[in-house]
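This is upload.txt. It holds compact mmCIF, N, CA and C atoms.
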# COMPACT_ATOMS: atom_id res chain seq x y z
N MET H 768 -39.95 23.16 -12.10
CA MET H 768 -38.74 22.94 -12.87
C MET H 768 -39.11 22.97 -14.35
N ASP H 769 -38.41 23.77 -15.11
CA ASP H 769 -38.58 23.79 -16.55
C ASP H 769 -37.58 22.81 -17.16
N SER H 770 -38.00 22.14 -18.20
CA SER H 770 -37.10 21.24 -18.91
C SER H 770 -37.54 21.14 -20.36
N ILE H 771 -36.68 20.61 -21.19
CA ILE H 771 -36.96 20.48 -22.61
C ILE H 771 -37.33 19.04 -22.91
N TRP H 772 -38.37 18.85 -23.70
CA TRP H 772 -38.82 17.58 -24.25
C TRP H 772 -39.53 16.70 -23.24
N LEU H 773 -38.91 16.40 -22.11
CA LEU H 773 -39.50 15.58 -21.05
C LEU H 773 -39.68 16.43 -19.80
N SER H 774 -40.49 15.94 -18.88
CA SER H 774 -40.62 16.62 -17.59
C SER H 774 -39.37 16.33 -16.75
N GLY H 775 -39.20 17.08 -15.68
CA GLY H 775 -38.06 16.85 -14.79
C GLY H 775 -38.06 15.43 -14.23
N ALA H 776 -39.24 14.95 -13.82
CA ALA H 776 -39.34 13.58 -13.28
C ALA H 776 -38.99 12.54 -14.34
N GLU H 777 -39.36 12.81 -15.60
CA GLU H 777 -39.03 11.87 -16.66
C GLU H 777 -37.53 11.86 -16.95
N TRP H 778 -36.89 13.03 -16.88
CA TRP H 778 -35.43 13.08 -17.06
C TRP H 778 -34.71 12.32 -15.94
N VAL H 779 -35.23 12.42 -14.73
CA VAL H 779 -34.62 11.67 -13.63
C VAL H 779 -34.82 10.17 -13.85
N ALA H 780 -35.97 9.80 -14.40
CA ALA H 780 -36.20 8.38 -14.72
C ALA H 780 -35.22 7.91 -15.80
N VAL H 781 -34.95 8.77 -16.78
CA VAL H 781 -33.96 8.43 -17.81
C VAL H 781 -32.59 8.20 -17.15
N LEU H 782 -32.24 9.07 -16.21
CA LEU H 782 -30.98 8.92 -15.48
C LEU H 782 -30.95 7.60 -14.72
N ARG H 783 -32.06 7.26 -14.04
CA ARG H 783 -32.16 6.00 -13.29
C ARG H 783 -32.01 4.80 -14.21
N ILE H 784 -32.71 4.84 -15.34
CA ILE H 784 -32.64 3.72 -16.29
C ILE H 784 -31.24 3.60 -16.88
N GLY H 785 -30.63 4.73 -17.21
CA GLY H 785 -29.25 4.71 -17.71
C GLY H 785 -28.29 4.11 -16.71
N LEU H 786 -28.45 4.46 -15.44
CA LEU H 786 -27.61 3.87 -14.40
C LEU H 786 -27.84 2.37 -14.31
N GLY H 787 -29.09 1.95 -14.42
CA GLY H 787 -29.40 0.52 -14.43
C GLY H 787 -28.74 -0.19 -15.59
N LEU H 788 -28.77 0.43 -16.76
CA LEU H 788 -28.12 -0.17 -17.93
C LEU H 788 -26.60 -0.26 -17.73
N TRP H 789 -26.04 0.72 -17.03
CA TRP H 789 -24.60 0.71 -16.73
C TRP H 789 -24.27 -0.48 -15.83
N TRP H 790 -25.11 -0.73 -14.81
CA TRP H 790 -24.91 -1.89 -13.94
C TRP H 790 -25.08 -3.19 -14.73
N LEU H 791 -26.06 -3.24 -15.62
CA LEU H 791 -26.25 -4.44 -16.44
C LEU H 791 -25.04 -4.68 -17.34
N GLU H 792 -24.45 -3.63 -17.87
CA GLU H 792 -23.25 -3.79 -18.68
C GLU H 792 -22.08 -4.27 -17.82
N SER H 793 -21.97 -3.78 -16.59
CA SER H 793 -20.92 -4.27 -15.68
C SER H 793 -21.08 -5.77 -15.46
N TRP H 794 -22.32 -6.21 -15.32
CA TRP H 794 -22.60 -7.64 -15.14
C TRP H 794 -22.33 -8.41 -16.43
N ARG H 795 -22.80 -7.89 -17.56
CA ARG H 795 -22.70 -8.60 -18.84
C ARG H 795 -21.25 -8.86 -19.25
N HIS H 796 -20.38 -7.88 -19.06
CA HIS H 796 -19.02 -8.04 -19.57
C HIS H 796 -18.10 -8.83 -18.63
N LYS H 797 -18.59 -9.20 -17.45
CA LYS H 797 -17.75 -9.99 -16.54
C LYS H 797 -17.57 -11.41 -17.09
N ASP H 798 -16.37 -11.93 -16.94
CA ASP H 798 -16.09 -13.32 -17.29
C ASP H 798 -16.60 -14.19 -16.14
N LYS H 799 -17.87 -14.60 -16.24
CA LYS H 799 -18.49 -15.33 -15.12
C LYS H 799 -17.77 -16.65 -14.83
N LYS H 800 -17.34 -17.33 -15.87
CA LYS H 800 -16.61 -18.59 -15.66
C LYS H 800 -15.33 -18.31 -14.86
N GLY H 801 -14.64 -17.24 -15.22
CA GLY H 801 -13.44 -16.86 -14.48
C GLY H 801 -13.75 -16.50 -13.03
N TRP H 802 -14.81 -15.73 -12.83
CA TRP H 802 -15.19 -15.31 -11.48
C TRP H 802 -15.62 -16.50 -10.63
N PHE H 803 -16.45 -17.38 -11.20
CA PHE H 803 -17.05 -18.45 -10.40
C PHE H 803 -16.18 -19.70 -10.31
N GLU H 804 -15.50 -20.06 -11.38
CA GLU H 804 -14.72 -21.31 -11.39
C GLU H 804 -13.26 -21.11 -11.03
N ARG H 805 -12.68 -20.02 -11.49
CA ARG H 805 -11.25 -19.79 -11.22
C ARG H 805 -11.00 -18.73 -10.16
N GLY H 806 -12.04 -18.01 -9.75
CA GLY H 806 -11.90 -17.00 -8.70
C GLY H 806 -11.11 -15.78 -9.11
N THR H 807 -11.12 -15.44 -10.40
CA THR H 807 -10.27 -14.36 -10.90
C THR H 807 -10.63 -12.99 -10.33
N GLY H 808 -11.91 -12.69 -10.22
CA GLY H 808 -12.32 -11.36 -9.73
C GLY H 808 -11.92 -11.11 -8.30
N ILE H 809 -12.20 -12.07 -7.45
CA ILE H 809 -11.87 -11.91 -6.03
C ILE H 809 -10.35 -11.99 -5.83
N ALA H 810 -9.66 -12.81 -6.62
CA ALA H 810 -8.20 -12.88 -6.53
C ALA H 810 -7.58 -11.52 -6.89
N TRP H 811 -8.12 -10.89 -7.93
CA TRP H 811 -7.63 -9.57 -8.30
C TRP H 811 -7.88 -8.57 -7.17
N ALA H 812 -9.09 -8.59 -6.62
CA ALA H 812 -9.43 -7.68 -5.52
C ALA H 812 -8.56 -7.95 -4.29
N ALA H 813 -8.28 -9.21 -4.02
CA ALA H 813 -7.42 -9.57 -2.88
C ALA H 813 -6.02 -8.99 -3.06
N ASP H 814 -5.51 -9.04 -4.28
CA ASP H 814 -4.20 -8.47 -4.57
C ASP H 814 -4.20 -6.96 -4.36
N VAL H 815 -5.27 -6.30 -4.82
CA VAL H 815 -5.40 -4.84 -4.62
C VAL H 815 -5.49 -4.53 -3.13
N ALA H 816 -6.32 -5.28 -2.41
CA ALA H 816 -6.51 -5.03 -0.97
C ALA H 816 -5.22 -5.28 -0.19
N ALA H 817 -4.48 -6.31 -0.55
CA ALA H 817 -3.24 -6.64 0.17
C ALA H 817 -2.21 -5.52 0.06
N LYS H 818 -2.23 -4.78 -1.04
CA LYS H 818 -1.26 -3.70 -1.25
C LYS H 818 -1.80 -2.33 -0.84
N HIS H 819 -3.03 -2.31 -0.35
CA HIS H 819 -3.68 -1.04 -0.03
C HIS H 819 -2.95 -0.35 1.12
N ARG H 820 -2.84 0.97 1.05
CA ARG H 820 -2.11 1.70 2.10
C ARG H 820 -2.93 1.89 3.37
N TRP H 821 -4.25 1.67 3.30
CA TRP H 821 -5.09 1.83 4.48
C TRP H 821 -5.30 0.48 5.16
N GLU H 822 -4.90 0.41 6.41
CA GLU H 822 -5.04 -0.82 7.19
C GLU H 822 -6.50 -1.28 7.26
N ALA H 823 -7.42 -0.36 7.37
CA ALA H 823 -8.84 -0.73 7.47
C ALA H 823 -9.29 -1.52 6.24
N VAL H 824 -8.80 -1.15 5.07
CA VAL H 824 -9.16 -1.87 3.85
C VAL H 824 -8.53 -3.26 3.86
N ARG H 825 -7.26 -3.33 4.20
CA ARG H 825 -6.58 -4.64 4.23
C ARG H 825 -7.23 -5.57 5.23
N SER H 826 -7.47 -5.09 6.44
CA SER H 826 -8.04 -5.96 7.48
C SER H 826 -9.50 -6.27 7.20
N GLY H 827 -10.26 -5.30 6.69
CA GLY H 827 -11.67 -5.54 6.35
C GLY H 827 -11.81 -6.59 5.26
N PHE H 828 -10.98 -6.49 4.24
CA PHE H 828 -11.01 -7.48 3.16
C PHE H 828 -10.64 -8.86 3.70
N ALA H 829 -9.59 -8.90 4.52
CA ALA H 829 -9.15 -10.18 5.09
C ALA H 829 -10.22 -10.81 5.98
N LEU H 830 -10.98 -9.99 6.66
CA LEU H 830 -12.02 -10.48 7.56
C LEU H 830 -13.29 -10.91 6.83
N VAL H 831 -13.71 -10.12 5.85
CA VAL H 831 -15.02 -10.35 5.22
C VAL H 831 -14.93 -11.16 3.93
N VAL H 832 -14.01 -10.81 3.05
CA VAL H 832 -14.00 -11.39 1.70
C VAL H 832 -13.08 -12.60 1.58
N LYS H 833 -11.87 -12.48 2.08
CA LYS H 833 -10.86 -13.52 1.87
C LYS H 833 -11.29 -14.91 2.35
N PRO H 834 -11.97 -15.04 3.49
CA PRO H 834 -12.37 -16.38 3.93
C PRO H 834 -13.45 -17.05 3.07
N ARG H 835 -14.14 -16.28 2.26
CA ARG H 835 -15.24 -16.83 1.46
C ARG H 835 -15.22 -16.28 0.03
N PRO H 836 -14.16 -16.57 -0.71
CA PRO H 836 -14.02 -15.98 -2.06
C PRO H 836 -15.11 -16.42 -3.04
N ARG H 837 -15.51 -17.66 -2.99
CA ARG H 837 -16.54 -18.14 -3.93
C ARG H 837 -17.88 -17.45 -3.66
N THR H 838 -18.26 -17.40 -2.40
CA THR H 838 -19.51 -16.73 -2.04
C THR H 838 -19.48 -15.27 -2.44
N MET H 839 -18.37 -14.59 -2.17
CA MET H 839 -18.27 -13.17 -2.48
C MET H 839 -18.28 -12.92 -3.99
N ALA H 840 -17.74 -13.86 -4.76
CA ALA H 840 -17.81 -13.72 -6.22
C ALA H 840 -19.26 -13.71 -6.67
N TYR H 841 -20.06 -14.62 -6.14
CA TYR H 841 -21.48 -14.66 -6.48
C TYR H 841 -22.19 -13.40 -5.99
N VAL H 842 -21.85 -12.95 -4.80
CA VAL H 842 -22.48 -11.73 -4.25
C VAL H 842 -22.22 -10.54 -5.16
N VAL H 843 -20.98 -10.34 -5.56
CA VAL H 843 -20.62 -9.19 -6.39
C VAL H 843 -21.30 -9.27 -7.76
N VAL H 844 -21.16 -10.41 -8.42
CA VAL H 844 -21.69 -10.54 -9.78
C VAL H 844 -23.21 -10.41 -9.79
N TYR H 845 -23.88 -11.09 -8.88
CA TYR H 845 -25.34 -11.04 -8.90
C TYR H 845 -25.91 -9.77 -8.26
N ALA H 846 -25.13 -9.10 -7.45
CA ALA H 846 -25.55 -7.78 -6.95
C ALA H 846 -25.61 -6.80 -8.12
N GLU H 847 -24.62 -6.85 -9.01
CA GLU H 847 -24.63 -5.96 -10.17
C GLU H 847 -25.83 -6.26 -11.08
N LEU H 848 -26.15 -7.53 -11.26
CA LEU H 848 -27.33 -7.90 -12.06
C LEU H 848 -28.61 -7.38 -11.39
N ALA H 849 -28.74 -7.62 -10.10
CA ALA H 849 -29.95 -7.20 -9.37
C ALA H 849 -30.10 -5.68 -9.40
N LEU H 850 -29.01 -4.97 -9.22
CA LEU H 850 -29.06 -3.50 -9.28
C LEU H 850 -29.52 -3.03 -10.65
N GLY H 851 -28.95 -3.61 -11.69
CA GLY H 851 -29.32 -3.23 -13.04
C GLY H 851 -30.79 -3.48 -13.32
N LEU H 852 -31.26 -4.68 -13.00
CA LEU H 852 -32.66 -5.01 -13.26
C LEU H 852 -33.60 -4.13 -12.43
N GLY H 853 -33.26 -3.93 -11.15
CA GLY H 853 -34.10 -3.11 -10.28
C GLY H 853 -34.20 -1.67 -10.76
N LEU H 854 -33.10 -1.12 -11.22
CA LEU H 854 -33.10 0.28 -11.65
C LEU H 854 -33.78 0.45 -13.01
N VAL H 855 -33.56 -0.46 -13.92
CA VAL H 855 -34.21 -0.36 -15.23
C VAL H 855 -35.72 -0.50 -15.09
N ALA H 856 -36.15 -1.50 -14.32
CA ALA H 856 -37.58 -1.73 -14.14
C ALA H 856 -38.20 -0.78 -13.12
N GLY H 857 -37.38 -0.17 -12.30
CA GLY H 857 -37.91 0.69 -11.24
C GLY H 857 -38.58 -0.13 -10.15
N LEU H 858 -37.98 -1.26 -9.82
CA LEU H 858 -38.52 -2.14 -8.78
C LEU H 858 -37.62 -2.07 -7.55
N LEU H 859 -38.20 -1.70 -6.43
CA LEU H 859 -37.44 -1.48 -5.19
C LEU H 859 -36.33 -0.46 -5.45
N THR H 860 -36.69 0.57 -6.16
CA THR H 860 -35.72 1.57 -6.62
C THR H 860 -34.89 2.20 -5.50
N PRO H 861 -35.50 2.65 -4.39
CA PRO H 861 -34.65 3.24 -3.35
C PRO H 861 -33.64 2.24 -2.78
N VAL H 862 -34.06 0.99 -2.67
CA VAL H 862 -33.15 -0.05 -2.18
C VAL H 862 -32.00 -0.24 -3.17
N ALA H 863 -32.33 -0.31 -4.46
CA ALA H 863 -31.30 -0.47 -5.48
C ALA H 863 -30.36 0.74 -5.52
N LEU H 864 -30.90 1.93 -5.36
CA LEU H 864 -30.05 3.13 -5.39
C LEU H 864 -29.10 3.16 -4.20
N VAL H 865 -29.59 2.83 -3.02
CA VAL H 865 -28.71 2.80 -1.85
C VAL H 865 -27.69 1.67 -1.98
N GLY H 866 -28.15 0.50 -2.43
CA GLY H 866 -27.22 -0.62 -2.63
C GLY H 866 -26.15 -0.30 -3.65
N GLY H 867 -26.54 0.31 -4.75
CA GLY H 867 -25.57 0.70 -5.77
C GLY H 867 -24.60 1.75 -5.28
N LEU H 868 -25.12 2.71 -4.52
CA LEU H 868 -24.25 3.74 -3.95
C LEU H 868 -23.21 3.10 -3.03
N LEU H 869 -23.64 2.19 -2.18
CA LEU H 869 -22.71 1.52 -1.26
C LEU H 869 -21.69 0.68 -2.02
N LEU H 870 -22.14 -0.05 -3.05
CA LEU H 870 -21.21 -0.87 -3.82
C LEU H 870 -20.20 0.00 -4.55
N ASN H 871 -20.64 1.11 -5.13
CA ASN H 871 -19.70 2.02 -5.78
C ASN H 871 -18.73 2.62 -4.79
N LEU H 872 -19.19 2.96 -3.59
CA LEU H 872 -18.28 3.49 -2.58
C LEU H 872 -17.26 2.45 -2.14
N LEU H 873 -17.70 1.19 -2.02
CA LEU H 873 -16.75 0.11 -1.70
C LEU H 873 -15.71 -0.04 -2.80
N TYR H 874 -16.17 -0.03 -4.06
CA TYR H 874 -15.23 -0.11 -5.19
C TYR H 874 -14.29 1.08 -5.17
N LEU H 875 -14.83 2.26 -4.89
CA LEU H 875 -14.03 3.48 -4.87
C LEU H 875 -12.93 3.40 -3.82
N VAL H 876 -13.29 2.95 -2.63
CA VAL H 876 -12.31 2.85 -1.54
C VAL H 876 -11.28 1.77 -1.83
N LEU H 877 -11.73 0.62 -2.32
CA LEU H 877 -10.79 -0.48 -2.61
C LEU H 877 -9.78 -0.04 -3.67
N MET H 878 -10.26 0.66 -4.69
CA MET H 878 -9.39 1.02 -5.81
C MET H 878 -9.00 2.49 -5.78
N ILE H 879 -8.85 3.04 -4.58
CA ILE H 879 -8.59 4.47 -4.42
C ILE H 879 -7.35 4.93 -5.18
N HIS H 880 -6.41 4.02 -5.42
CA HIS H 880 -5.16 4.41 -6.08
C HIS H 880 -5.17 4.06 -7.57
N ASP H 881 -6.27 3.48 -8.07
CA ASP H 881 -6.39 3.13 -9.48
C ASP H 881 -7.30 4.16 -10.15
N TRP H 882 -6.72 5.23 -10.63
CA TRP H 882 -7.52 6.35 -11.14
C TRP H 882 -8.30 6.01 -12.39
N ALA H 883 -7.93 4.93 -13.08
CA ALA H 883 -8.68 4.55 -14.28
C ALA H 883 -10.12 4.17 -13.93
N GLU H 884 -10.34 3.62 -12.77
CA GLU H 884 -11.67 3.18 -12.35
C GLU H 884 -12.44 4.24 -11.57
N GLN H 885 -11.77 5.22 -11.06
CA GLN H 885 -12.42 6.15 -10.14
C GLN H 885 -13.48 7.02 -10.78
N GLY H 886 -13.30 7.40 -12.02
CA GLY H 886 -14.30 8.22 -12.68
C GLY H 886 -15.64 7.51 -12.77
N GLN H 887 -15.60 6.25 -13.17
CA GLN H 887 -16.82 5.47 -13.28
C GLN H 887 -17.51 5.32 -11.93
N ASN H 888 -16.77 4.96 -10.91
CA ASN H 888 -17.38 4.77 -9.59
C ASN H 888 -17.91 6.07 -9.02
N ALA H 889 -17.18 7.14 -9.18
CA ALA H 889 -17.63 8.44 -8.68
C ALA H 889 -18.91 8.90 -9.39
N MET H 890 -18.95 8.73 -10.72
CA MET H 890 -20.13 9.17 -11.47
C MET H 890 -21.34 8.29 -11.16
N MET H 891 -21.14 6.99 -11.04
CA MET H 891 -22.26 6.11 -10.70
C MET H 891 -22.78 6.41 -9.30
N ALA H 892 -21.89 6.71 -8.37
CA ALA H 892 -22.31 7.07 -7.02
C ALA H 892 -23.08 8.39 -7.03
N LEU H 893 -22.60 9.36 -7.80
CA LEU H 893 -23.29 10.64 -7.90
C LEU H 893 -24.68 10.48 -8.51
N ILE H 894 -24.80 9.68 -9.57
CA ILE H 894 -26.10 9.44 -10.17
C ILE H 894 -27.04 8.76 -9.18
N SER H 895 -26.52 7.81 -8.43
CA SER H 895 -27.34 7.13 -7.41
C SER H 895 -27.87 8.13 -6.39
N LEU H 896 -27.01 9.02 -5.95
CA LEU H 896 -27.39 10.01 -4.95
C LEU H 896 -28.45 10.97 -5.51
N VAL H 897 -28.24 11.48 -6.71
CA VAL H 897 -29.20 12.39 -7.34
C VAL H 897 -30.54 11.67 -7.54
N ALA H 898 -30.50 10.46 -8.07
CA ALA H 898 -31.73 9.71 -8.33
C ALA H 898 -32.46 9.39 -7.02
N LEU H 899 -31.72 9.12 -5.96
CA LEU H 899 -32.34 8.83 -4.67
C LEU H 899 -33.05 10.07 -4.12
N PHE H 900 -32.36 11.21 -4.09
CA PHE H 900 -32.95 12.42 -3.53
C PHE H 900 -34.00 13.04 -4.44
N ALA H 901 -33.95 12.73 -5.75
CA ALA H 901 -34.98 13.20 -6.67
C ALA H 901 -36.15 12.21 -6.74
N MET H 902 -36.07 11.14 -5.97
CA MET H 902 -37.10 10.09 -5.92
C MET H 902 -37.43 9.60 -7.33
N ALA H 903 -36.43 9.02 -7.97
CA ALA H 903 -36.50 8.61 -9.37
C ALA H 903 -37.50 7.50 -9.65
N TRP H 904 -38.16 6.99 -8.65
CA TRP H 904 -39.15 5.94 -8.82
C TRP H 904 -40.54 6.49 -9.11
N GLN H 905 -40.68 7.81 -9.19
CA GLN H 905 -41.98 8.44 -9.39
C GLN H 905 -42.52 8.28 -10.81
N THR H 906 -41.66 8.01 -11.76
CA THR H 906 -42.05 7.94 -13.17
C THR H 906 -41.44 6.72 -13.82
N TRP H 907 -42.21 6.08 -14.68
CA TRP H 907 -41.74 4.95 -15.48
C TRP H 907 -41.12 3.85 -14.59
N SER H 908 -41.82 3.47 -13.55
CA SER H 908 -41.29 2.44 -12.65
C SER H 908 -42.40 1.52 -12.17
N LEU H 909 -42.01 0.30 -11.87
CA LEU H 909 -42.95 -0.64 -11.24
C LEU H 909 -43.32 -0.15 -9.85
N ASP H 910 -42.39 0.47 -9.17
CA ASP H 910 -42.69 1.03 -7.84
C ASP H 910 -43.87 1.98 -7.91
N HIS H 911 -43.87 2.86 -8.89
CA HIS H 911 -44.97 3.83 -9.05
C HIS H 911 -46.28 3.10 -9.41
N ALA H 912 -46.18 2.14 -10.34
CA ALA H 912 -47.37 1.40 -10.75
C ALA H 912 -47.99 0.62 -9.59
N LEU H 913 -47.14 0.13 -8.70
CA LEU H 913 -47.61 -0.65 -7.56
C LEU H 913 -47.96 0.23 -6.35
N GLY H 914 -47.65 1.52 -6.44
CA GLY H 914 -47.93 2.43 -5.34
C GLY H 914 -46.95 2.30 -4.18
N TRP H 915 -45.76 1.77 -4.47
CA TRP H 915 -44.74 1.62 -3.43
C TRP H 915 -43.93 2.92 -3.31
N PHE H 916 -43.46 3.17 -2.14
CA PHE H 916 -42.60 4.30 -1.81
C PHE H 916 -43.30 5.60 -2.12
Can you turn what I pasted into structure tokens?
Amino acid sequence: MDSIWLSGAEWVAVLRIGLGLWWLESWRHKDKKGWFERGTGIAWAADVAAKHRWEAVRSGFALVVKPRPRTMAYVVVYAELALGLGLVAGLLTPVALVGGLLLNLLYLVLMIHDWAEQGQNAMMALISLVALFAMAWQTWSLDHALGWF
């Protein structure tokens, strides 16, 4: 592969790190007090799920998320932090890429009718897929330094 300035593997690492920074920004801008103390994030998602046209989304949300809103708030917020840190540092990179892809797909399906959010979720999912198949942990990563994967 020919590339300008950096090698192909280094450009993929830049993509991985950029995706990690995007996840860290998703975590940073969340109103954690609102999510953890007032339940605002999960309440918003519950409202979206309740109006969803797909029964699988409504029933899945009611079964998995609705009974444990506080726990799910922590899961969502700290999953975004863990994904960001893992991707920036290149630690457990394939796990972070698959986890991020799944989280973006969940967000995409939940908000399928909110086109304002779909571009972000689709692009983050695409970057996760490209970085996974390009094995983005080969350069500038703790995984590479440790000889993992």
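Among the candidates H:Asn871, H:Ser826, H:Gln905, H:Thr838, the residue lying nearest to Leu893 of chain H is H:Asn871 (atoms considered: only C-alpha atoms).
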(message) What does the structure give for the distance between atom N of Arg825 of chain H and atom N of Trp790 of chain H, in Å to one decimal?
(response)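 Going from atom N of Arg825 of chain H over to atom N of Trp790 of chain H, I get 26.2 Å.
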(request) May I have the residues within 9 Å of Ala816 of chain H as a PyMOL selection string, using only C-alpha atoms and disregarding those fewer than 3 positions away in the same chain? (result) chain H and resi 811-813+819-821+824-829+877-878
(request) Quick one: everything within 7 Å of Glu847 of chain H, counting only N, CA and C atoms, minus sequence neighbours fewer than 2 positions away in the same chain. Send it as a PyMOL selection string. (result) chain H and resi 790-791+793-794+842-845+849-852
(message) For a quick check of your reading of the model, name the residues lying within 9 Å of the coordinate (-23.2, 8.6, -6.3), counting only C-alpha atoms, and write them as a list in words.
(response)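 Residues with an atom at most 9 Å from (-23.2, 8.6, -6.3): Leu864, Gly867, Leu868, Leu869, Asn871, Leu872, Asn888, Ala889, Met890, Met891, Ala892, Leu893, Ile894, Ser895, Leu896, Val897 and Ala898 of chain H.
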(request) Can you list, as a PyMOL selection string, all residues belonging to chain H that DSSP tags as alpha helix (DSSP H)? (result) chain H and resi 775-795+799-800+807-817+822-831+836-856+860-877+882-900+909-913
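Residue nearest Met902 of chain H, chosen from H:Pro861, H:Leu773, H:Gly808, H:Met768 and counting only N, CA and C atoms: H:Pro861.
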(request) Please measure the separation of atom CA of Arg783 of chain H and atom CA of Ile879 of chain H, giving the value in Å to one decimal. (result)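 Atom CA of Arg783 of chain H sits 25.2 Å away from atom CA of Ile879 of chain H.
Nearest residue to Val855 of chain H among H:Trp907, H:Phe900, H:Trp802, H:Tyr841 is H:Trp907, counting all atoms listed in the file.
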(message) I'd like the interatomic distance between atom CA of Ile809 of chain H and atom CA of Met839 of chain H, to a tenth of an Å.
(response) 7.4 Å
Enclose all atoms of segment 859-874 of chain H listed in the file in an axis-aligned box, grow every side by 4 Å, and hand back centre and edge lengths in Å to one decimal, as AutoDock Vina command-line options.
--center_x -26.2 --center_y 1.0 --center_z -3.9 --size_x 31.9 --size_y 13.4 --size_z 13.4
(request) Between H:Pro836, H:Gly787, H:Asp798, H:Ala823, single out the one closest to Ala810 of chain H, counting all atoms listed in the file. (result)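 So, comparing all the options, the nearest one is H:Pro836.
Using only C-alpha atoms, the smallest distance between any of H:Ala903, H:Gln887, H:Leu858, H:Phe916 and Leu782 of chain H comes from H:Ala903.
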(message) When you look at segment 910-915 of chain H with a cut-off of 6.5 Å (counting all atoms listed in the file), what residues show up, excluding the ones that are within fewer than 5 positions of it in the same chain? I need them as a ChimeraX atom specification.
(response) /H:856-860,904-905
Keeping only N, CA and C atoms, take the residues you just selected and write them out as a tab-separated table (two decimals), in the coordinates of the input.
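Contents of selection05.tsv, as written:
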chain	number	residue	atom	x	y	z
H	856	ALA	N	-36.15	-1.50	-14.32
H	856	ALA	CA	-37.58	-1.73	-14.14
H	856	ALA	C	-38.20	-0.78	-13.12
H	857	GLY	N	-37.38	-0.17	-12.30
H	857	GLY	CA	-37.91	0.69	-11.24
H	857	GLY	C	-38.58	-0.13	-10.15
H	858	LEU	N	-37.98	-1.26	-9.82
H	858	LEU	CA	-38.52	-2.14	-8.78
H	858	LEU	C	-37.62	-2.07	-7.55
H	859	LEU	N	-38.20	-1.70	-6.43
H	859	LEU	CA	-37.44	-1.48	-5.19
H	859	LEU	C	-36.33	-0.46	-5.45
H	860	THR	N	-36.69	0.57	-6.16
H	860	THR	CA	-35.72	1.57	-6.62
H	860	THR	C	-34.89	2.20	-5.50
H	904	TRP	N	-38.16	6.99	-8.65
H	904	TRP	CA	-39.15	5.94	-8.82
H	904	TRP	C	-40.54	6.49	-9.11
H	905	GLN	N	-40.68	7.81	-9.19
H	905	GLN	CA	-41.98	8.44	-9.39
H	905	GLN	C	-42.52	8.28	-10.81
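Each of H:Trp778, H:Asp769, H:Leu848, H:Val832 was compared to Glu792 of chain H using only N, CA and C atoms, and H:Leu848 turns out to be the nearest.
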